[in-house]
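So the structure is just underneath, and the comments pick up after that.
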Amino acid sequence: MKKIVRNILIAHVIIILLILLYFKELTLLSYINASFIVGGVLTFLGLVSFVFSTGFFDVFTVSMRKVVTPKRRMDDVMAMRKPSEIFSGNVSPMLGSGTLILIMMGIALLIFYI
């Protein structure tokens, strides 16, 4: 829970910097646009990391390495790490903070249209 709150605070600092540097005005619409960008990127990266960490692409990656690599280098291919071993971290804080930022953006969007 602490990581999600920390990620949300860092993301809101990035949102404010994005508003001030790119949109050049502090309005509700610029907050909605900036939070959509930051929340979408966080959620996308969290989902991609989750898919890789579950081992979904391990079979595909290993089989493609075997097909493309010449037989004399097959020992090197078998020694390579799988993608699920590379993404071994916890992705739930990134997914949670990205989802919460998108929820905040949705609430701001409802306020904007009311």
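By convention here, the chains of the structure tokens are called A, B, ... in the order presented, each chain's residues are numbered starting at 1, and ligands are numbered starting at 1 in the order presented.
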
Per residue of range 58-110 of chain A within 9 Å of range 17-33 of chain A, record the nearest atom pair and its distance in Å to one decimal, counting only C-alpha atoms, with rows in chain order and ascending residue number, as CSV.
residue,atom,partner,partner_atom,distance
A:Met104,CA,A:Ile32,CA,8.7
A:Met105,CA,A:Ile32,CA,5.4
A:Gly106,CA,A:Ile32,CA,8.0
A:Ala108,CA,A:Ile32,CA,6.5
A:Leu109,CA,A:Ile32,CA,6.6

Residues within 9 Å of Asn90 in chain A, please, as a compact mmCIF listing (two decimals) with C-alpha atoms, in the first residue's frame. Count only C-alpha atoms; anything in the same chain fewer than 3 positions from it doesn't count.
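Result file follows (out_6.txt):
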# COMPACT_ATOMS: atom_id res chain seq x y z
CA PHE A 50 2.63 -8.71 -15.68
CA SER A 53 6.41 -12.13 -15.54
CA PHE A 87 10.71 -9.55 -15.02
CA PRO A 93 2.07 -1.30 -7.26
CA MET A 94 2.51 -0.04 -10.83

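The coordinates place CA of Thr61 in chain A at 19.6 Å from CA of Leu45 in chain A.
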
When you count only C-alpha atoms, which of these residues is closest to Thr54 in chain A: A:Glu85, A:Met1, A:Ile14, A:Ser92? A:Glu85

Please return as a ChimeraX atom specification: the residues of range 5-110 of chain A that backbone DSSP assigns to alpha helix (DSSP H). /A:5-18,28-53,58-68,74-79,83-86,92-110

Separation of CA of Ile8 in chain A from CA of Phe44 in chain A, in Å and rounded to one decimal: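 Value for the CA of Ile8 in chain A-CA of Phe44 in chain A distance: 15.4 Å.
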
Considering only C-alpha atoms, return as an MDAnalysis selection string whatever protein or nucleic-acid residues lie within 8 Å of Ile15 in chain A, sequence-local ones (same chain, fewer than 6 positions apart) excluded. chainID A and resid 31 34:35 38

Go through A:Ile101, A:Val67, A:Val51, A:Val41 and flag the residue nearest Ser84 in chain A, using only C-alpha atoms for the distances.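 Closest candidate: A:Val51.
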
For a test of reading the model, state the distance in Å between CA of Lys66 in chain A and CA of Pro83 in chain A, rounded to one decimal.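 Separation between CA of Lys66 in chain A and CA of Pro83 in chain A: 15.1 Å.
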
Proximity of range 21-59 of chain A to range 78-82 of chain A: per-residue shortest pair, 10 Å limit, only C-alpha atoms, as a Markdown table:
| residue | atom | partner | partner_atom | distance |
| --- | --- | --- | --- | --- |
| A:Phe52 | CA | A:Lys82 | CA | 9.5 |
| A:Ser53 | CA | A:Lys82 | CA | 9.7 |
| A:Gly55 | CA | A:Lys82 | CA | 8.1 |
| A:Phe57 | CA | A:Lys82 | CA | 8.5 |
| A:Asp58 | CA | A:Lys82 | CA | 5.8 |
| A:Val59 | CA | A:Lys82 | CA | 8.8 |

I'd like to know which of A:Val91, A:Asp75, A:Leu102, A:Ala11 is closest to Val48 in chain A, using only C-alpha atoms.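 The shortest atom-to-atom distance to Val48 in chain A comes from A:Val91.
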